[in-house]
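Novice: Okay, here's the structure, questions in a sec.
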Amino acid sequence: MLKFHGKTGDTMADKNYLHTAYANSADGTDGFTTVYPSLNLLTGTSTKVVQATSWNMEVADIKYDKSLGGDLCASVMFNNADHASDLLRGRAVIKIETLDKNGNVLATVYGENVGYNANGLSWGSVSIDDNTANVKVFIVTDNMFQNAFYSCLKIEKGTTATPYIPSSSEVTTADWPKYVGTYVDTNPFSSTVSSNYDWDEIKYRVYLDGTPVGGSKLLSFNLENLKADTTYNVQINQINGNIESDKSESVAFKTTLPK
């Protein structure tokens with residue numbers, strides 16, 4: 001039986017913290033991340049590098065559904081290091097717009113600037129209100145005569161960009177991280193140095209309310225940042241190389257109100 005340890009938040013400074021990271025290699029150096037990937041809401045995206053065809057190019061338009069939640073995050077990788085000779089000095093960003101049912105823009109958010117002469121991720125998040133009907137994403141450059149080279153376009157739930165992965169209809173076992181690293185100390189902040197973790201193959205994938213939230217090598221898993229007085233459903237499946245089992249039956253639990 002897989003054991004789950006859930007917590008809704010902890011302000012203790014003198015406790016031990018379990019830190020978890022994920023990677024594609026046994027030493028943790030390939031694809032290292034401390035944030036498990038969230039599924040892409042866009043289909044047909046790719047890691048292939050392509051060139052934008054205009055300086056203000058629309059690359060996504062999704063119809064808003066309340067099941068997506070109150071925040072969406074969009075991200076794109078600019079791959080300009082190999083194309084420096086083709087570009088003038090400048091920057092490129094991702095832009096997100098929310099629109100009402102009449103096509104009026106409700107909000108505009110620009111992501112982080114990325115220089116043309118280096119690779120980099122530009123991402124930003126936008127809050128959704130009841131008037132939102134569509135969410136559009138653009139790639140924008142600050143030089144109208146030069147276009148950006150990009151890949152890994154992604155829209156996901158929440159306010160933080162996670163590593164690129166395809167949509168739920170396209171993702172395969174091979175797309176997810178293959179190794180999980182852990183260590184314990186008294187610092188609440190996780191290290192970004194892969195050698196600080198002990199690495200092993202992921203044996204189980206954990207789903208919270210149908211969404212993958214992490215992988216484990218043991219029959220235990222910590223569910224963190226849970227909301228108080230909230231009911232959750234947990235499932236797992238087992239992984240063997242590029243083969244994974246069906247999900248287990250769902251187990252429901254409810255967090256308690258804080259005292």
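Labels for the structure tokens follow display order: chains A, B, ..., residues from 1 in each chain, ligands from 1.
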With DSSP run on the backbone, what are the strand (DSSP E or B) residues within range 48-161 of chain A? I'd like them as a ChimeraX atom specification.
Specialist: /A:50-51,56-63,71-78,91-99,105-110,114-115,120-127,134-141,149-157
Novice: If we count only C-alpha atoms and set the cut-off at 10 Å, which residues sit around Ser25 in chain A, ignoring sequence neighbours fewer than 5 positions away in its own chain? Please answer as a list in words.
Specialist: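 Within the cut-off, the hits are Asp30, Gly31, Phe32, Pro177, Lys178, Tyr179, Val180, Trp199, Asp200 and Glu201 of chain A.
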Novice: Report as a PyMOL selection string all protein, DNA and RNA residues lying within 6 Å of range 52-63 of chain A, evaluated on only C-alpha atoms, omitting residues in the same chain fewer than 4 positions from it.
Specialist: chain A and resi 134-141+144+147-148
Novice: How would the residues just chosen look if you wrote them out with N, CA, C and O atoms as a PDB file, in the first residue's frame?
Specialist:
```pdb
ATOM      1  N   ASN A 134     -11.552  33.838 -23.855  1.00  0.00           N
ATOM      2  CA  ASN A 134     -10.414  33.273 -24.578  1.00  0.00           C
ATOM      3  C   ASN A 134      -9.109  33.752 -23.963  1.00  0.00           C
ATOM      4  O   ASN A 134      -9.049  34.834 -23.369  1.00  0.00           O
ATOM      5  N   VAL A 135      -8.082  32.930 -24.130  1.00  0.00           N
ATOM      6  CA  VAL A 135      -6.730  33.304 -23.735  1.00  0.00           C
ATOM      7  C   VAL A 135      -5.841  33.148 -24.958  1.00  0.00           C
ATOM      8  O   VAL A 135      -5.775  32.069 -25.562  1.00  0.00           O
ATOM      9  N   LYS A 136      -5.168  34.240 -25.346  1.00  0.00           N
ATOM     10  CA  LYS A 136      -4.287  34.210 -26.503  1.00  0.00           C
ATOM     11  C   LYS A 136      -2.839  34.422 -26.067  1.00  0.00           C
ATOM     12  O   LYS A 136      -2.568  35.135 -25.095  1.00  0.00           O
ATOM     13  N   VAL A 137      -1.921  33.802 -26.809  1.00  0.00           N
ATOM     14  CA  VAL A 137      -0.491  33.920 -26.530  1.00  0.00           C
ATOM     15  C   VAL A 137       0.218  34.386 -27.798  1.00  0.00           C
ATOM     16  O   VAL A 137      -0.080  33.909 -28.898  1.00  0.00           O
ATOM     17  N   PHE A 138       1.147  35.331 -27.616  1.00  0.00           N
ATOM     18  CA  PHE A 138       1.902  35.903 -28.728  1.00  0.00           C
ATOM     19  C   PHE A 138       3.394  35.816 -28.437  1.00  0.00           C
ATOM     20  O   PHE A 138       3.818  35.814 -27.286  1.00  0.00           O
ATOM     21  N   ILE A 139       4.195  35.782 -29.507  1.00  0.00           N
ATOM     22  CA  ILE A 139       5.635  35.992 -29.419  1.00  0.00           C
ATOM     23  C   ILE A 139       5.917  37.377 -29.983  1.00  0.00           C
ATOM     24  O   ILE A 139       5.530  37.689 -31.120  1.00  0.00           O
ATOM     25  N   VAL A 140       6.566  38.208 -29.186  1.00  0.00           N
ATOM     26  CA  VAL A 140       6.784  39.609 -29.548  1.00  0.00           C
ATOM     27  C   VAL A 140       8.282  39.912 -29.521  1.00  0.00           C
ATOM     28  O   VAL A 140       8.983  39.531 -28.584  1.00  0.00           O
ATOM     29  N   THR A 141       8.780  40.609 -30.535  1.00  0.00           N
ATOM     30  CA  THR A 141      10.163  41.078 -30.532  1.00  0.00           C
ATOM     31  C   THR A 141      10.170  42.605 -30.454  1.00  0.00           C
ATOM     32  O   THR A 141       9.188  43.261 -30.794  1.00  0.00           O
ATOM     33  N   MET A 144      11.026  45.208 -35.219  1.00  0.00           N
ATOM     34  CA  MET A 144      10.003  44.759 -36.158  1.00  0.00           C
ATOM     35  C   MET A 144      10.573  44.077 -37.401  1.00  0.00           C
ATOM     36  O   MET A 144       9.838  43.472 -38.180  1.00  0.00           O
ATOM     37  N   ASN A 147      12.816  38.367 -36.385  1.00  0.00           N
ATOM     38  CA  ASN A 147      11.885  37.418 -35.784  1.00  0.00           C
ATOM     39  C   ASN A 147      12.639  36.400 -34.936  1.00  0.00           C
ATOM     40  O   ASN A 147      13.799  36.086 -35.201  1.00  0.00           O
ATOM     41  N   ALA A 148      11.965  35.863 -33.943  1.00  0.00           N
ATOM     42  CA  ALA A 148      12.614  34.982 -32.984  1.00  0.00           C
ATOM     43  C   ALA A 148      12.514  33.518 -33.395  1.00  0.00           C
ATOM     44  O   ALA A 148      11.574  33.102 -34.061  1.00  0.00           O
TER      45      ALA A 148
END
```
Novice: Taking only C-alpha atoms into account, which of A:Gly215, A:Gly241, A:Pro163, A:Gly70 comes nearest Pro37 in chain A?
Specialist: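 Distance minimum relative to Pro37 in chain A lands on A:Pro163.
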Novice: Do you have the CA of Val213 in chain A-CA of Glu112 in chain A distance handy?
Specialist: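 Interatomic distance, CA of Val213 in chain A to CA of Glu112 in chain A: 25.6 Å.
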Novice: With a distance cut-off of 12 Å and only C-alpha atoms, select the neighbouring residues of Asp129 in chain A, excluding the residue or stretch itself and same-chain residues fewer than 2 positions from it, and output the selection as an MDAnalysis selection string.
Specialist: chainID A and resid 64:66 68:72 98:100 106:107 126:127 131:135
Novice: My list of candidates is A:Asn119, A:Ser194, A:Leu153, A:Asn102. Which is closest to Asn24 in chain A when distances are computed with only C-alpha atoms?
Specialist: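 Looking only at the distances to Asn24 in chain A, the closest residue turns out to be A:Ser194.
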Novice: Among the residues of range 91-222 of chain A, find those DSSP assigns to helix (DSSP H, G or I) from the backbone and print them as a PDB file with all heavy atoms, in the first residue's frame.
Specialist:
```pdb
ATOM      1  N   THR A 173       5.045   7.797 -21.681  1.00  0.00           N
ATOM      2  CA  THR A 173       5.883   7.534 -20.510  1.00  0.00           C
ATOM      3  C   THR A 173       7.276   8.100 -20.697  1.00  0.00           C
ATOM      4  O   THR A 173       7.895   8.596 -19.751  1.00  0.00           O
ATOM      5  CB  THR A 173       5.962   6.019 -20.239  1.00  0.00           C
ATOM      6  OG1 THR A 173       4.638   5.508 -20.072  1.00  0.00           O
ATOM      7  CG2 THR A 173       6.765   5.723 -18.994  1.00  0.00           C
ATOM      8  N   ALA A 174       7.787   8.054 -21.932  1.00  0.00           N
ATOM      9  CA  ALA A 174       9.142   8.526 -22.206  1.00  0.00           C
ATOM     10  C   ALA A 174       9.287  10.028 -22.022  1.00  0.00           C
ATOM     11  O   ALA A 174      10.403  10.536 -21.856  1.00  0.00           O
ATOM     12  CB  ALA A 174       9.551   8.149 -23.628  1.00  0.00           C
ATOM     13  N   ASP A 175       8.179  10.781 -22.034  1.00  0.00           N
ATOM     14  CA  ASP A 175       8.248  12.233 -21.892  1.00  0.00           C
ATOM     15  C   ASP A 175       8.443  12.679 -20.449  1.00  0.00           C
ATOM     16  O   ASP A 175       8.925  13.781 -20.201  1.00  0.00           O
ATOM     17  CB  ASP A 175       6.970  12.884 -22.429  1.00  0.00           C
ATOM     18  CG  ASP A 175       6.814  12.711 -23.924  1.00  0.00           C
ATOM     19  OD1 ASP A 175       7.799  12.916 -24.657  1.00  0.00           O
ATOM     20  OD2 ASP A 175       5.702  12.352 -24.358  1.00  0.00           O
ATOM     21  N   SER A 194      22.362  19.184  -8.543  1.00  0.00           N
ATOM     22  CA  SER A 194      21.911  17.799  -8.674  1.00  0.00           C
ATOM     23  C   SER A 194      22.713  16.828  -7.817  1.00  0.00           C
ATOM     24  O   SER A 194      22.180  15.822  -7.343  1.00  0.00           O
ATOM     25  CB  SER A 194      21.976  17.362 -10.142  1.00  0.00           C
ATOM     26  OG  SER A 194      23.309  17.439 -10.634  1.00  0.00           O
ATOM     27  N   SER A 195      23.998  17.128  -7.579  1.00  0.00           N
ATOM     28  CA  SER A 195      24.839  16.204  -6.809  1.00  0.00           C
ATOM     29  C   SER A 195      24.468  16.164  -5.328  1.00  0.00           C
ATOM     30  O   SER A 195      24.934  15.292  -4.598  1.00  0.00           O
ATOM     31  CB  SER A 195      26.313  16.584  -6.956  1.00  0.00           C
ATOM     32  OG  SER A 195      26.537  17.915  -6.520  1.00  0.00           O
ATOM     33  N   ASN A 196      23.630  17.083  -4.876  1.00  0.00           N
ATOM     34  CA  ASN A 196      23.177  17.064  -3.482  1.00  0.00           C
ATOM     35  C   ASN A 196      22.074  16.040  -3.246  1.00  0.00           C
ATOM     36  O   ASN A 196      21.689  15.795  -2.095  1.00  0.00           O
ATOM     37  CB  ASN A 196      22.671  18.443  -3.061  1.00  0.00           C
ATOM     38  CG  ASN A 196      23.794  19.441  -2.893  1.00  0.00           C
ATOM     39  OD1 ASN A 196      24.951  19.067  -2.728  1.00  0.00           O
ATOM     40  ND2 ASN A 196      23.466  20.726  -2.952  1.00  0.00           N
TER      41      ASN A 196
END
```
Novice: Might you pull out every residue within 12 Å of range 42-48 of chain A, with only C-alpha atoms counted and same-chain residues fewer than 3 positions away left off, and present them as an MDAnalysis selection string?
Specialist: chainID A and resid 38:39 51 59:63 73:79 135:137 149:157 163:171 175
Novice: Can you spit out the residues from that selection as a tab-separated table (two decimals), in the first residue's frame, using N, CA, C and O atoms?
Specialist:
```
chain	number	residue	atom	x	y	z
A	38	SER	N	3.85	19.91	-15.34
A	38	SER	CA	2.40	19.90	-15.48
A	38	SER	C	2.06	19.69	-16.95
A	38	SER	O	2.80	20.12	-17.84
A	39	LEU	N	0.94	19.05	-17.21
A	39	LEU	CA	0.56	18.77	-18.59
A	39	LEU	C	0.30	20.06	-19.37
A	39	LEU	O	-0.21	21.04	-18.84
A	51	GLN	N	10.97	29.37	-36.64
A	51	GLN	CA	11.11	30.82	-36.64
A	51	GLN	C	9.74	31.48	-36.70
A	51	GLN	O	8.88	31.09	-37.51
A	59	VAL	N	0.52	32.68	-31.33
A	59	VAL	CA	0.91	31.27	-31.40
A	59	VAL	C	-0.06	30.35	-30.68
A	59	VAL	O	0.07	29.12	-30.77
A	60	ALA	N	-1.05	30.91	-29.97
A	60	ALA	CA	-2.03	30.06	-29.28
A	60	ALA	C	-3.29	30.84	-29.01
A	60	ALA	O	-3.25	32.05	-28.75
A	61	ASP	N	-4.42	30.13	-29.05
A	61	ASP	CA	-5.71	30.73	-28.72
A	61	ASP	C	-6.57	29.61	-28.15
A	61	ASP	O	-6.95	28.69	-28.89
A	62	ILE	N	-6.85	29.65	-26.86
A	62	ILE	CA	-7.65	28.60	-26.25
A	62	ILE	C	-8.93	29.20	-25.68
A	62	ILE	O	-8.93	30.32	-25.16
A	63	LYS	N	-10.00	28.46	-25.80
A	63	LYS	CA	-11.27	28.88	-25.22
A	63	LYS	C	-11.21	28.59	-23.72
A	63	LYS	O	-10.90	27.47	-23.32
A	73	CYS	N	-0.56	29.83	-16.88
A	73	CYS	CA	0.82	30.22	-17.14
A	73	CYS	C	1.20	29.81	-18.55
A	73	CYS	O	0.91	28.69	-18.97
A	74	ALA	N	1.83	30.71	-19.29
A	74	ALA	CA	2.31	30.42	-20.64
A	74	ALA	C	3.82	30.58	-20.68
A	74	ALA	O	4.38	31.45	-20.01
A	75	SER	N	4.48	29.73	-21.44
A	75	SER	CA	5.94	29.79	-21.53
A	75	SER	C	6.39	29.36	-22.92
A	75	SER	O	5.69	28.64	-23.63
A	76	VAL	N	7.58	29.83	-23.31
A	76	VAL	CA	8.17	29.46	-24.58
A	76	VAL	C	9.68	29.55	-24.44
A	76	VAL	O	10.21	30.41	-23.73
A	77	MET	N	10.38	28.65	-25.11
A	77	MET	CA	11.84	28.67	-25.11
A	77	MET	C	12.33	29.35	-26.39
A	77	MET	O	11.97	28.93	-27.50
A	78	PHE	N	13.11	30.42	-26.22
A	78	PHE	CA	13.73	31.06	-27.38
A	78	PHE	C	15.09	30.43	-27.63
A	78	PHE	O	15.91	30.33	-26.72
A	79	ASN	N	15.30	29.96	-28.85
A	79	ASN	CA	16.50	29.20	-29.21
A	79	ASN	C	17.32	29.99	-30.22
A	79	ASN	O	17.40	29.65	-31.40
A	135	VAL	N	-8.08	32.93	-24.13
A	135	VAL	CA	-6.73	33.30	-23.74
A	135	VAL	C	-5.84	33.15	-24.96
A	135	VAL	O	-5.78	32.07	-25.56
A	136	LYS	N	-5.17	34.24	-25.35
A	136	LYS	CA	-4.29	34.21	-26.50
A	136	LYS	C	-2.84	34.42	-26.07
A	136	LYS	O	-2.57	35.13	-25.09
A	137	VAL	N	-1.92	33.80	-26.81
A	137	VAL	CA	-0.49	33.92	-26.53
A	137	VAL	C	0.22	34.39	-27.80
A	137	VAL	O	-0.08	33.91	-28.90
A	149	PHE	N	13.50	32.73	-32.98
A	149	PHE	CA	13.47	31.29	-33.13
A	149	PHE	C	13.01	30.70	-31.79
A	149	PHE	O	13.55	31.04	-30.74
A	150	TYR	N	12.01	29.84	-31.83
A	150	TYR	CA	11.41	29.38	-30.58
A	150	TYR	C	11.02	27.91	-30.65
A	150	TYR	O	10.96	27.31	-31.73
A	151	SER	N	10.72	27.34	-29.48
A	151	SER	CA	10.22	25.97	-29.36
A	151	SER	C	9.55	25.83	-28.00
A	151	SER	O	9.51	26.77	-27.21
A	152	CYS	N	9.01	24.65	-27.73
A	152	CYS	CA	8.49	24.28	-26.40
A	152	CYS	C	7.40	25.23	-25.90
A	152	CYS	O	7.38	25.61	-24.73
A	153	LEU	N	6.49	25.60	-26.78
A	153	LEU	CA	5.37	26.45	-26.37
A	153	LEU	C	4.47	25.68	-25.41
A	153	LEU	O	4.15	24.51	-25.65
A	154	LYS	N	4.03	26.36	-24.34
A	154	LYS	CA	3.25	25.65	-23.33
A	154	LYS	C	2.29	26.60	-22.61
A	154	LYS	O	2.65	27.73	-22.30
A	155	ILE	N	1.07	26.13	-22.37
A	155	ILE	CA	0.13	26.76	-21.45
A	155	ILE	C	-0.25	25.72	-20.42
A	155	ILE	O	-0.53	24.57	-20.76
A	156	GLU	N	-0.25	26.11	-19.16
A	156	GLU	CA	-0.58	25.16	-18.09
A	156	GLU	C	-1.32	25.88	-16.97
A	156	GLU	O	-1.34	27.12	-16.89
A	157	LYS	N	-1.94	25.10	-16.12
A	157	LYS	CA	-2.63	25.66	-14.97
A	157	LYS	C	-1.62	26.20	-13.97
A	157	LYS	O	-0.51	25.69	-13.86
A	163	PRO	N	8.70	22.37	-16.47
A	163	PRO	CA	9.38	21.91	-17.68
A	163	PRO	C	8.41	21.52	-18.79
A	163	PRO	O	7.30	21.03	-18.53
A	164	TYR	N	8.85	21.70	-20.02
A	164	TYR	CA	8.00	21.42	-21.18
A	164	TYR	C	7.61	19.94	-21.23
A	164	TYR	O	8.43	19.05	-20.96
A	165	ILE	N	6.37	19.72	-21.60
A	165	ILE	CA	5.87	18.37	-21.83
A	165	ILE	C	4.65	18.50	-22.74
A	165	ILE	O	3.99	19.54	-22.75
A	166	PRO	N	4.33	17.47	-23.53
A	166	PRO	CA	3.17	17.58	-24.42
A	166	PRO	C	1.84	17.55	-23.65
A	166	PRO	O	1.82	17.48	-22.43
A	167	SER	N	0.75	17.57	-24.40
A	167	SER	CA	-0.58	17.56	-23.81
A	167	SER	C	-0.95	16.16	-23.34
A	167	SER	O	-0.26	15.17	-23.64
A	168	SER	N	-2.07	16.05	-22.64
A	168	SER	CA	-2.50	14.76	-22.10
A	168	SER	C	-2.78	13.75	-23.20
A	168	SER	O	-2.60	12.54	-22.99
A	169	SER	N	-3.20	14.21	-24.37
A	169	SER	CA	-3.49	13.29	-25.47
A	169	SER	C	-2.24	12.87	-26.24
A	169	SER	O	-2.29	11.94	-27.05
A	170	GLU	N	-1.12	13.55	-25.98
A	170	GLU	CA	0.11	13.27	-26.72
A	170	GLU	C	1.23	12.70	-25.85
A	170	GLU	O	2.15	12.07	-26.36
A	171	VAL	N	1.19	12.94	-24.55
A	171	VAL	CA	2.29	12.57	-23.68
A	171	VAL	C	2.44	11.04	-23.60
A	171	VAL	O	1.47	10.29	-23.65
A	175	ASP	N	8.18	10.78	-22.03
A	175	ASP	CA	8.25	12.23	-21.89
A	175	ASP	C	8.44	12.68	-20.45
A	175	ASP	O	8.93	13.78	-20.20
```
Novice: Could you state the separation of CA of Asn233 in chain A and CA of Thr34 in chain A in Å, given to one decimal place?
Specialist: 23.1 Å
Novice: For a test of reading the model, state the distance in Å between CA of Asp229 in chain A and CA of Ser190 in chain A, rounded to one decimal.
Specialist: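 Distance between the two atoms: 27.2 Å.
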Novice: So, counting only C-alpha atoms, which residue among A:Lys227, A:Lys203, A:His83, A:Lys217 is closest to Phe253 in chain A?
Specialist: A:Lys227
Novice: Pick from A:Glu97, A:Glu244, A:Glu249, A:Asp82: nearest to Thr172 in chain A, with only C-alpha atoms counted?
Specialist: A:Glu244
Novice: Can you tell me, as an MDAnalysis selection string, what residues are no more than 10 Å from Asp198 in chain A when counting only C-alpha atoms, ignoring any on the same chain fewer than 4 positions away?
Specialist: chainID A and resid 20:21 26:28 179:183 194
